[in-house]
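What follows is the content of structure01.pdb (PDB, C-alpha atoms and all ligand atoms).
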```pdb
ATOM      1  CA  MET A 114     239.306 138.751  29.779
ATOM      2  CA  GLU A 115     239.260 142.541  29.654
ATOM      3  CA  LEU A 116     237.506 144.845  32.064
ATOM      4  CA  THR A 117     234.759 146.552  30.094
ATOM      5  CA  PRO A 118     232.973 149.541  31.672
ATOM      6  CA  VAL A 119     229.775 148.812  29.738
ATOM      7  CA  ASP A 120     229.435 145.405  31.451
ATOM      8  CA  LEU A 121     230.270 146.804  34.897
ATOM      9  CA  LEU A 122     228.080 149.905  34.631
ATOM     10  CA  PRO A 123     224.848 148.316  35.999
ATOM     11  CA  HIS A 124     226.669 147.291  39.222
ATOM     12  CA  PHE A 125     228.364 150.690  39.636
ATOM     13  CA  LYS A 126     225.090 152.502  38.931
ATOM     14  CA  THR A 127     223.049 150.480  41.439
ATOM     15  CA  VAL A 128     225.556 150.777  44.261
ATOM     16  CA  GLY A 129     226.353 154.449  43.535
ATOM     17  CA  SER A 130     222.681 155.354  43.423
ATOM     18  CA  ASP A 131     221.931 153.454  46.660
ATOM     19  CA  LEU A 132     224.829 155.214  48.435
ATOM     20  CA  TYR A 133     223.596 158.611  47.288
ATOM     21  CA  THR A 134     219.916 158.107  48.084
ATOM     22  CA  ARG A 135     220.881 156.575  51.444
ATOM     23  CA  GLY A 136     222.804 159.778  52.291
ATOM     24  CA  MET A 137     226.181 158.044  52.500
ATOM     25  CA  VAL A 138     227.879 160.358  49.974
ATOM     26  CA  SER A 139     227.463 163.984  48.915
ATOM     27  CA  MET A 140     227.012 164.805  45.217
ATOM     28  CA  HIS A 141     230.694 164.447  44.262
ATOM     29  CA  GLY A 142     231.917 162.355  47.205
ATOM     30  CA  GLY A 143     233.025 158.723  47.495
ATOM     31  CA  ASN A 144     234.407 156.260  44.967
ATOM     32  CA  LEU A 145     233.913 152.669  43.806
ATOM     33  CA  SER A 146     236.178 150.173  42.086
ATOM     34  CA  PHE A 147     236.269 146.632  40.744
ATOM     35  CA  LYS A 148     239.402 144.603  39.991
ATOM     36  CA  GLN A 149     240.103 141.853  37.514
ATOM     37  CA  GLU A 150     243.588 140.366  37.176
ATOM     38  CA  THR A 151     246.034 143.269  36.666
ATOM     39  CA  SER A 152     243.405 145.923  35.838
ATOM     40  CA  LEU A 153     240.917 147.875  37.882
ATOM     41  CA  CYS A 154     237.887 149.946  36.990
ATOM     42  CA  ILE A 155     237.398 152.963  39.277
ATOM     43  CA  THR A 156     235.057 155.941  39.320
ATOM     44  CA  ARG A 157     236.377 159.122  37.730
ATOM     45  CA  SER A 158     237.682 161.945  39.917
ATOM     46  CA  GLY A 159     234.730 164.279  40.592
ATOM     47  CA  SER A 160     232.078 161.874  39.294
ATOM     48  CA  ARG A 161     228.604 161.835  40.860
ATOM     49  CA  LEU A 162     228.024 158.399  42.378
ATOM     50  CA  GLY A 163     224.261 158.885  42.284
ATOM     51  CA  TYR A 164     224.273 159.412  38.518
ATOM     52  CA  LEU A 165     227.133 157.366  37.048
ATOM     53  CA  GLU A 166     227.546 156.984  33.289
ATOM     54  CA  GLU A 167     229.922 154.859  31.241
ATOM     55  CA  SER A 168     232.333 157.798  30.820
ATOM     56  CA  ASP A 169     232.694 157.932  34.635
ATOM     57  CA  LEU A 170     234.324 154.476  34.773
ATOM     58  CA  ILE A 171     238.104 154.606  34.352
ATOM     59  CA  VAL A 172     240.095 151.454  33.586
ATOM     60  CA  THR A 173     243.753 151.515  34.637
ATOM     61  CA  GLY A 174     246.419 149.219  36.080
ATOM     62  CA  VAL A 175     246.488 147.821  39.620
ATOM     63  CA  ASP A 176     250.211 148.561  39.814
ATOM     64  CA  GLN A 177     250.930 150.442  36.621
ATOM     65  CA  ASP A 178     249.966 153.911  35.436
ATOM     66  CA  ASP A 179     248.700 154.540  31.907
ATOM     67  CA  GLU A 180     247.020 157.381  29.989
ATOM     68  CA  ASN A 181     243.758 156.904  31.951
ATOM     69  CA  THR A 182     245.335 157.104  35.409
ATOM     70  CA  PRO A 183     245.172 160.919  35.821
ATOM     71  CA  ARG A 184     241.358 160.845  35.479
ATOM     72  CA  ALA A 185     240.897 158.239  38.232
ATOM     73  CA  SER A 186     239.541 159.022  41.691
ATOM     74  CA  SER A 187     241.893 160.835  44.081
ATOM     75  CA  GLU A 188     241.706 157.751  46.327
ATOM     76  CA  LEU A 189     243.260 155.507  43.651
ATOM     77  CA  ALA A 190     246.339 154.842  45.814
ATOM     78  CA  VAL A 191     244.173 153.343  48.566
ATOM     79  CA  HIS A 192     242.261 151.113  46.124
ATOM     80  CA  ARG A 193     245.528 149.911  44.578
ATOM     81  CA  ALA A 194     247.024 149.090  47.981
ATOM     82  CA  ILE A 195     243.918 147.094  48.954
ATOM     83  CA  TYR A 196     244.013 145.048  45.725
ATOM     84  CA  THR A 197     247.736 144.450  46.128
ATOM     85  CA  LYS A 198     247.545 143.256  49.741
ATOM     86  CA  THR A 199     244.189 141.400  49.789
ATOM     87  CA  PRO A 200     242.354 138.868  47.571
ATOM     88  CA  PHE A 201     239.214 141.036  47.197
ATOM     89  CA  ALA A 202     237.751 142.313  43.919
ATOM     90  CA  ALA A 203     235.548 145.274  44.857
ATOM     91  CA  ILE A 204     235.808 148.386  47.047
ATOM     92  CA  VAL A 205     233.214 150.915  48.225
ATOM     93  CA  HIS A 206     234.463 154.173  49.748
ATOM     94  CA  CYS A 207     231.966 156.716  51.086
ATOM     95  CA  HIS A 208     231.220 159.136  53.930
ATOM     96  CA  PRO A 209     228.371 157.663  56.023
ATOM     97  CA  VAL A 210     227.279 160.355  58.482
ATOM     98  CA  HIS A 211     226.982 158.479  61.778
ATOM     99  CA  ALA A 212     230.000 156.230  61.199
ATOM    100  CA  THR A 213     232.156 159.213  60.212
ATOM    101  CA  ALA A 214     230.992 161.117  63.307
ATOM    102  CA  LEU A 215     232.051 158.195  65.527
ATOM    103  CA  SER A 216     235.462 158.066  63.771
ATOM    104  CA  ILE A 217     236.253 161.523  65.130
ATOM    105  CA  ASN A 218     236.484 160.639  68.809
ATOM    106  CA  ARG A 219     237.333 156.923  69.037
ATOM    107  CA  ASP A 220     239.883 154.552  67.524
ATOM    108  CA  LYS A 221     237.529 151.531  67.187
ATOM    109  CA  ILE A 222     233.811 150.973  66.822
ATOM    110  CA  PHE A 223     232.069 148.044  68.511
ATOM    111  CA  PRO A 224     228.571 147.559  67.077
ATOM    112  CA  GLN A 225     225.950 146.630  69.671
ATOM    113  CA  ASP A 226     223.124 145.492  67.368
ATOM    114  CA  GLU A 227     222.875 141.816  66.458
ATOM    115  CA  ALA A 228     223.756 142.062  62.722
ATOM    116  CA  GLY A 229     226.655 144.394  63.412
ATOM    117  CA  LYS A 230     228.027 142.115  66.128
ATOM    118  CA  ILE A 231     227.964 139.139  63.760
ATOM    119  CA  PHE A 232     229.310 140.664  60.538
ATOM    120  CA  ILE A 233     231.436 143.616  61.684
ATOM    121  CA  PRO A 234     232.249 142.984  65.369
ATOM    122  CA  THR A 235     235.161 145.453  65.457
ATOM    123  CA  VAL A 236     235.648 148.328  63.035
ATOM    124  CA  PRO A 237     239.089 149.956  63.334
ATOM    125  CA  VAL A 238     239.543 153.699  62.809
ATOM    126  CA  ILE A 239     242.678 154.164  60.711
ATOM    127  CA  GLY A 240     244.804 157.269  61.202
ATOM    128  CA  PHE A 241     243.171 158.118  64.528
ATOM    129  CA  GLY A 242     244.656 161.331  65.867
ATOM    130  CA  ARG A 243     246.300 162.232  62.551
ATOM    131  CA  GLU A 244     245.023 164.579  59.849
ATOM    132  CA  PRO A 245     243.437 162.766  56.853
ATOM    133  CA  VAL A 246     244.269 163.739  53.246
ATOM    134  CA  PRO A 247     242.957 161.996  50.081
ATOM    135  CA  GLY A 248     244.932 158.862  49.288
ATOM    136  CA  ALA A 249     246.514 158.781  52.757
ATOM    137  CA  PHE A 250     246.927 155.738  55.013
ATOM    138  CA  ALA A 251     246.737 153.419  51.951
ATOM    139  CA  ASP A 252     248.873 150.647  53.437
ATOM    140  CA  GLU A 253     247.210 150.814  56.848
ATOM    141  CA  VAL A 254     243.717 150.660  55.334
ATOM    142  CA  ALA A 255     244.739 147.692  53.143
ATOM    143  CA  GLU A 256     246.321 145.871  56.062
ATOM    144  CA  ALA A 257     243.215 146.328  58.242
ATOM    145  CA  LEU A 258     240.895 145.114  55.439
ATOM    146  CA  LYS A 259     242.646 141.736  55.481
ATOM    147  CA  THR A 260     240.672 140.915  58.640
ATOM    148  CA  SER A 261     237.859 143.520  58.791
ATOM    149  CA  ALA A 262     235.215 143.742  56.063
ATOM    150  CA  VAL A 263     234.951 147.494  56.564
ATOM    151  CA  VAL A 264     237.193 150.112  58.197
ATOM    152  CA  LEU A 265     236.933 153.831  58.909
ATOM    153  CA  VAL A 266     239.462 156.578  58.266
ATOM    154  CA  HIS A 267     239.567 159.176  61.048
ATOM    155  CA  LYS A 268     237.299 162.196  60.294
ATOM    156  CA  HIS A 269     236.819 160.971  56.717
ATOM    157  CA  GLY A 270     234.705 157.905  55.904
ATOM    158  CA  SER A 271     234.661 154.166  55.280
ATOM    159  CA  PHE A 272     236.380 151.649  53.016
ATOM    160  CA  ALA A 273     234.629 148.307  52.558
ATOM    161  CA  ARG A 274     235.745 145.345  50.470
ATOM    162  CA  GLY A 275     234.116 142.262  48.964
ATOM    163  CA  MET A 276     234.136 140.025  45.931
ATOM    164  CA  THR A 277     231.396 142.211  44.378
ATOM    165  CA  LEU A 278     230.435 145.875  44.714
ATOM    166  CA  GLU A 279     227.094 144.790  46.169
ATOM    167  CA  GLU A 280     228.865 142.824  48.916
ATOM    168  CA  ALA A 281     231.063 145.816  49.814
ATOM    169  CA  TYR A 282     227.934 147.993  49.821
ATOM    170  CA  VAL A 283     226.200 145.670  52.296
ATOM    171  CA  MET A 284     229.151 145.938  54.715
ATOM    172  CA  THR A 285     229.067 149.729  54.381
ATOM    173  CA  GLU A 286     225.355 149.840  55.121
ATOM    174  CA  LEU A 287     225.758 147.531  58.130
ATOM    175  CA  LEU A 288     228.411 149.893  59.489
ATOM    176  CA  GLU A 289     226.184 152.941  59.081
ATOM    177  CA  ILE A 290     223.179 151.209  60.699
ATOM    178  CA  SER A 291     225.321 150.020  63.640
ATOM    179  CA  SER A 292     226.832 153.503  63.991
ATOM    180  CA  HIS A 293     223.406 155.140  63.926
ATOM    181  CA  ILE A 294     222.275 152.775  66.690
ATOM    182  CA  LEU A 295     225.408 153.501  68.772
ATOM    183  CA  TYR A 296     224.769 157.214  68.371
ATOM    184  CA  MET A 297     221.156 156.772  69.484
ATOM    185  CA  LEU A 298     222.196 154.693  72.500
ATOM    186  CA  GLU A 299     224.573 157.446  73.608
ATOM    187  CA  THR A 300     222.076 160.247  73.150
ATOM    188  CA  MET A 301     219.380 158.226  74.972
ATOM    189  CA  LYS A 302     221.570 157.870  78.063
ATOM    190  CA  PRO A 303     219.852 159.327  81.147
TER     191      PRO A 303
HETATM  192 ZN    ZN B 401     236.467 160.204  50.835
END
```
What would the structure in this file look like if it were written as structure tokens?
Amino acid sequence: MELTPVDLLPHFKTVGSDLYTRGMVSMHGGNLSFKQETSLCITRSGSRLGYLEESDLIVTGVDQDDENTPRASSELAVHRAIYTKTPFAAIVHCHPVHATALSINRDKIFPQDEAGKIFIPTVPVIGFGREPVPGAFADEVAEALKTSAVVLVHKHGSFARGMTLEEAYVMTELLEISSHILYMLETMKP
């Protein structure tokens, strides 16, 4: 079966729009992908996640370049590493404000709210203390996603995985809610 952007578009559109309206990406930030067998479908470099169209979905190889590869998101290397090292089929990468803020001064996040404790008890911060660049820490992010549903990259944002884009979105949203609560707890300290 071939990956066809027209079939995937409703899922990309829903998740992209939710991320944008929820304030978890800026206009041209973040990227989404879905894998099937040896192909992946990823958002175009510079696309607007809140307003995705069929032409924003780029199909290329999981481990092989082709004529579409240059138009793929600048984080393609990270998505490829995750699909190579894990059994998951969907990835959501974005820049949730509170979670990204926490990634600046700690190397792990421990949610304190009930849902966070159950679904994402420990969220590692990859590349802590090093300078992030697009596509960096691909192997470390992939390795960490074997056991954590969502991880952060220091000073940058989150990568979440699942079997569907919606599932990866849910993990991303849980992280941002837990991070917002942690932030509030710290600012409420006497
Ligand atoms: Zn990013």
Between A:Pro247, A:Pro200, A:Gly159, A:Gly240, single out the one closest to ligand ZN 401 (chain B), counting only C-alpha atoms and all ligand atoms.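 Ranked by minimum distance to ligand ZN 401 (chain B), first place goes to A:Pro247.
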Near Leu116 of chain A, counting all atoms listed in the file, which residues have an atom at most 9 Å away, once you skip same-chain residues fewer than 5 positions from it, shown as a PyMOL selection string? chain A and resi 121+147-149+152-154+172
Could you state the separation of atom CA of Ser271 of chain A and atom CA of His208 of chain A in Å, given to one decimal place?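 Computed distance, atom CA of Ser271 of chain A to atom CA of His208 of chain A, equals 6.2 Å.
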Kindly resolve the PyMOL selection byres (((chain A and resi 142) around 12) and not hetatm) on the present coordinates and return the residues as a VMD selection string. chain A and resid 129 132 to 133 136 to 141 143 to 145 156 to 164 186 to 188 205 to 209 247 269 to 271
Please compute the atom CA of Ile233 of chain A-atom CA of Val263 of chain A distance, one decimal, in Å. 7.3 Å
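Shortest separation to Ser291 of chain A among A:Phe125, A:Phe250, A:Phe232, A:Phe241 occurs at residue A:Phe232, atoms counted being all atoms listed in the file.
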Counting only C-alpha atoms, I want the residues whose atoms come within 7 Å of (234.8, 140.3, 54.7) in the file frame, returned as a count of residues only. 4
Rounded to one decimal place, report the atom CA of Ser216 of chain A-atom CA of Pro303 of chain A distance in Å.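 Value for the atom CA of Ser216 of chain A-atom CA of Pro303 of chain A distance: 23.4 Å.
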For a cutoff of 10 Å around the file-coordinate point (233.2, 148.3, 64.0), which residues qualify once you count only C-alpha atoms? I'd like the result as a list in words. Ala212, Asp220, Lys221, Ile222, Phe223, Pro224, Gln225, Gly229, Lys230, Phe232, Ile233, Pro234, Thr235, Val236, Pro237, Val238, Ser261, Ala262, Val263, Val264, Leu265, Leu287, Leu288, Glu289, Ser291 and Ser292 of chain A
Extract segment 173-293 of chain A from the coordinates I pasted, and write it as a compact mmCIF listing (two decimals), in the first residue's frame (atoms kept: C-alpha atoms).
```
# COMPACT_ATOMS: atom_id res chain seq x y z
CA THR A 173 9.95 10.31 0.98
CA GLY A 174 11.92 7.28 2.17
CA VAL A 175 12.55 6.30 5.79
CA ASP A 176 16.17 5.50 4.93
CA GLN A 177 16.51 6.64 1.34
CA ASP A 178 16.54 10.09 -0.24
CA ASP A 179 14.59 10.85 -3.41
CA GLU A 180 13.54 13.94 -5.39
CA ASN A 181 11.07 14.98 -2.64
CA THR A 182 13.58 14.85 0.22
CA PRO A 183 14.92 18.43 -0.11
CA ARG A 184 11.42 19.85 0.50
CA ALA A 185 10.91 17.91 3.75
CA SER A 186 11.03 19.48 7.20
CA SER A 187 14.48 20.41 8.54
CA GLU A 188 13.89 17.87 11.33
CA LEU A 189 13.65 14.96 8.86
CA ALA A 190 16.79 13.32 10.30
CA VAL A 191 15.17 13.07 13.74
CA HIS A 192 11.94 11.57 12.33
CA ARG A 193 13.94 9.03 10.31
CA ALA A 194 15.99 7.99 13.35
CA ILE A 195 12.83 7.50 15.42
CA TYR A 196 11.21 5.30 12.74
CA THR A 197 14.41 3.31 12.34
CA LYS A 198 14.90 2.62 16.06
CA THR A 199 11.28 2.27 17.28
CA PRO A 200 8.09 0.49 16.13
CA PHE A 201 5.97 3.69 16.10
CA ALA A 202 4.15 5.15 13.09
CA ALA A 203 3.54 8.81 13.92
CA ILE A 204 5.54 11.74 15.32
CA VAL A 205 4.51 15.19 16.56
CA HIS A 206 7.23 17.81 17.05
CA CYS A 207 6.34 21.24 18.42
CA HIS A 208 7.40 24.01 20.81
CA PRO A 209 4.98 23.99 23.78
CA VAL A 210 5.72 27.10 25.85
CA HIS A 211 5.77 25.81 29.42
CA ALA A 212 7.46 22.50 28.59
CA THR A 213 10.14 24.27 26.54
CA ALA A 214 10.72 26.75 29.38
CA LEU A 215 11.28 23.86 31.81
CA SER A 216 13.72 22.22 29.34
CA ILE A 217 16.07 25.18 29.75
CA ASN A 218 17.06 24.62 33.36
CA ARG A 219 16.55 20.91 34.12
CA ASP A 220 17.51 17.59 32.54
CA LYS A 221 14.24 15.74 33.39
CA ILE A 222 10.65 16.69 34.06
CA PHE A 223 8.57 14.86 36.67
CA PRO A 224 4.87 15.69 36.25
CA GLN A 225 3.00 16.12 39.53
CA ASP A 226 -0.60 16.00 38.26
CA GLU A 227 -2.40 12.66 38.19
CA ALA A 228 -2.66 12.20 34.38
CA GLY A 229 0.95 13.23 33.87
CA LYS A 230 2.16 10.85 36.57
CA ILE A 231 0.33 7.95 34.93
CA PHE A 232 1.10 8.51 31.24
CA ILE A 233 4.38 10.46 31.23
CA PRO A 234 5.98 9.89 34.65
CA THR A 235 9.46 10.99 33.54
CA VAL A 236 10.19 13.20 30.55
CA PRO A 237 13.90 13.34 29.67
CA VAL A 238 15.48 16.52 28.31
CA ILE A 239 17.79 15.51 25.47
CA GLY A 240 20.93 17.53 24.80
CA PHE A 241 20.79 19.26 28.18
CA GLY A 242 23.65 21.72 28.45
CA ARG A 243 24.43 21.59 24.73
CA GLU A 244 23.33 23.99 22.00
CA PRO A 245 20.37 22.70 19.90
CA VAL A 246 20.37 22.93 16.08
CA PRO A 247 17.64 21.58 13.74
CA GLY A 248 18.03 17.86 13.14
CA ALA A 249 20.44 17.47 16.07
CA PHE A 250 20.40 14.73 18.72
CA ALA A 251 18.48 12.42 16.32
CA ASP A 252 19.82 9.17 17.77
CA GLU A 253 19.44 10.29 21.37
CA VAL A 254 15.84 11.41 20.81
CA ALA A 255 15.03 8.10 19.08
CA GLU A 256 16.65 6.07 21.83
CA ALA A 257 14.72 7.92 24.56
CA LEU A 258 11.40 7.49 22.71
CA LYS A 259 11.75 3.71 23.00
CA THR A 260 10.66 4.03 26.64
CA SER A 261 9.15 7.55 26.94
CA ALA A 262 6.07 8.56 24.95
CA VAL A 263 7.33 12.13 24.74
CA VAL A 264 10.74 13.77 25.22
CA LEU A 265 12.05 17.33 25.22
CA VAL A 266 15.07 18.77 23.45
CA HIS A 267 16.93 21.35 25.54
CA LYS A 268 15.78 24.94 24.77
CA HIS A 269 13.84 23.70 21.74
CA GLY A 270 10.63 21.67 22.09
CA SER A 271 9.07 18.22 22.25
CA PHE A 272 9.01 15.03 20.19
CA ALA A 273 6.13 12.64 20.85
CA ARG A 274 5.43 9.30 19.19
CA GLY A 275 2.44 7.01 18.77
CA MET A 276 0.74 4.68 16.33
CA THR A 277 -1.37 7.63 15.08
CA LEU A 278 -0.81 11.39 14.90
CA GLU A 279 -3.71 11.86 17.31
CA GLU A 280 -2.02 9.61 19.88
CA ALA A 281 1.26 11.54 19.61
CA TYR A 282 -0.73 14.78 19.94
CA VAL A 283 -2.34 13.58 23.17
CA MET A 284 1.09 12.86 24.70
CA THR A 285 2.27 16.32 23.64
CA GLU A 286 -0.75 17.97 25.22
CA LEU A 287 -0.32 15.98 28.44
CA LEU A 288 3.28 17.19 28.62
CA GLU A 289 2.28 20.83 28.16
CA ILE A 290 -0.51 20.59 30.77
CA SER A 291 1.84 18.92 33.28
CA SER A 292 4.53 21.53 32.55
CA HIS A 293 2.06 24.38 33.00
```
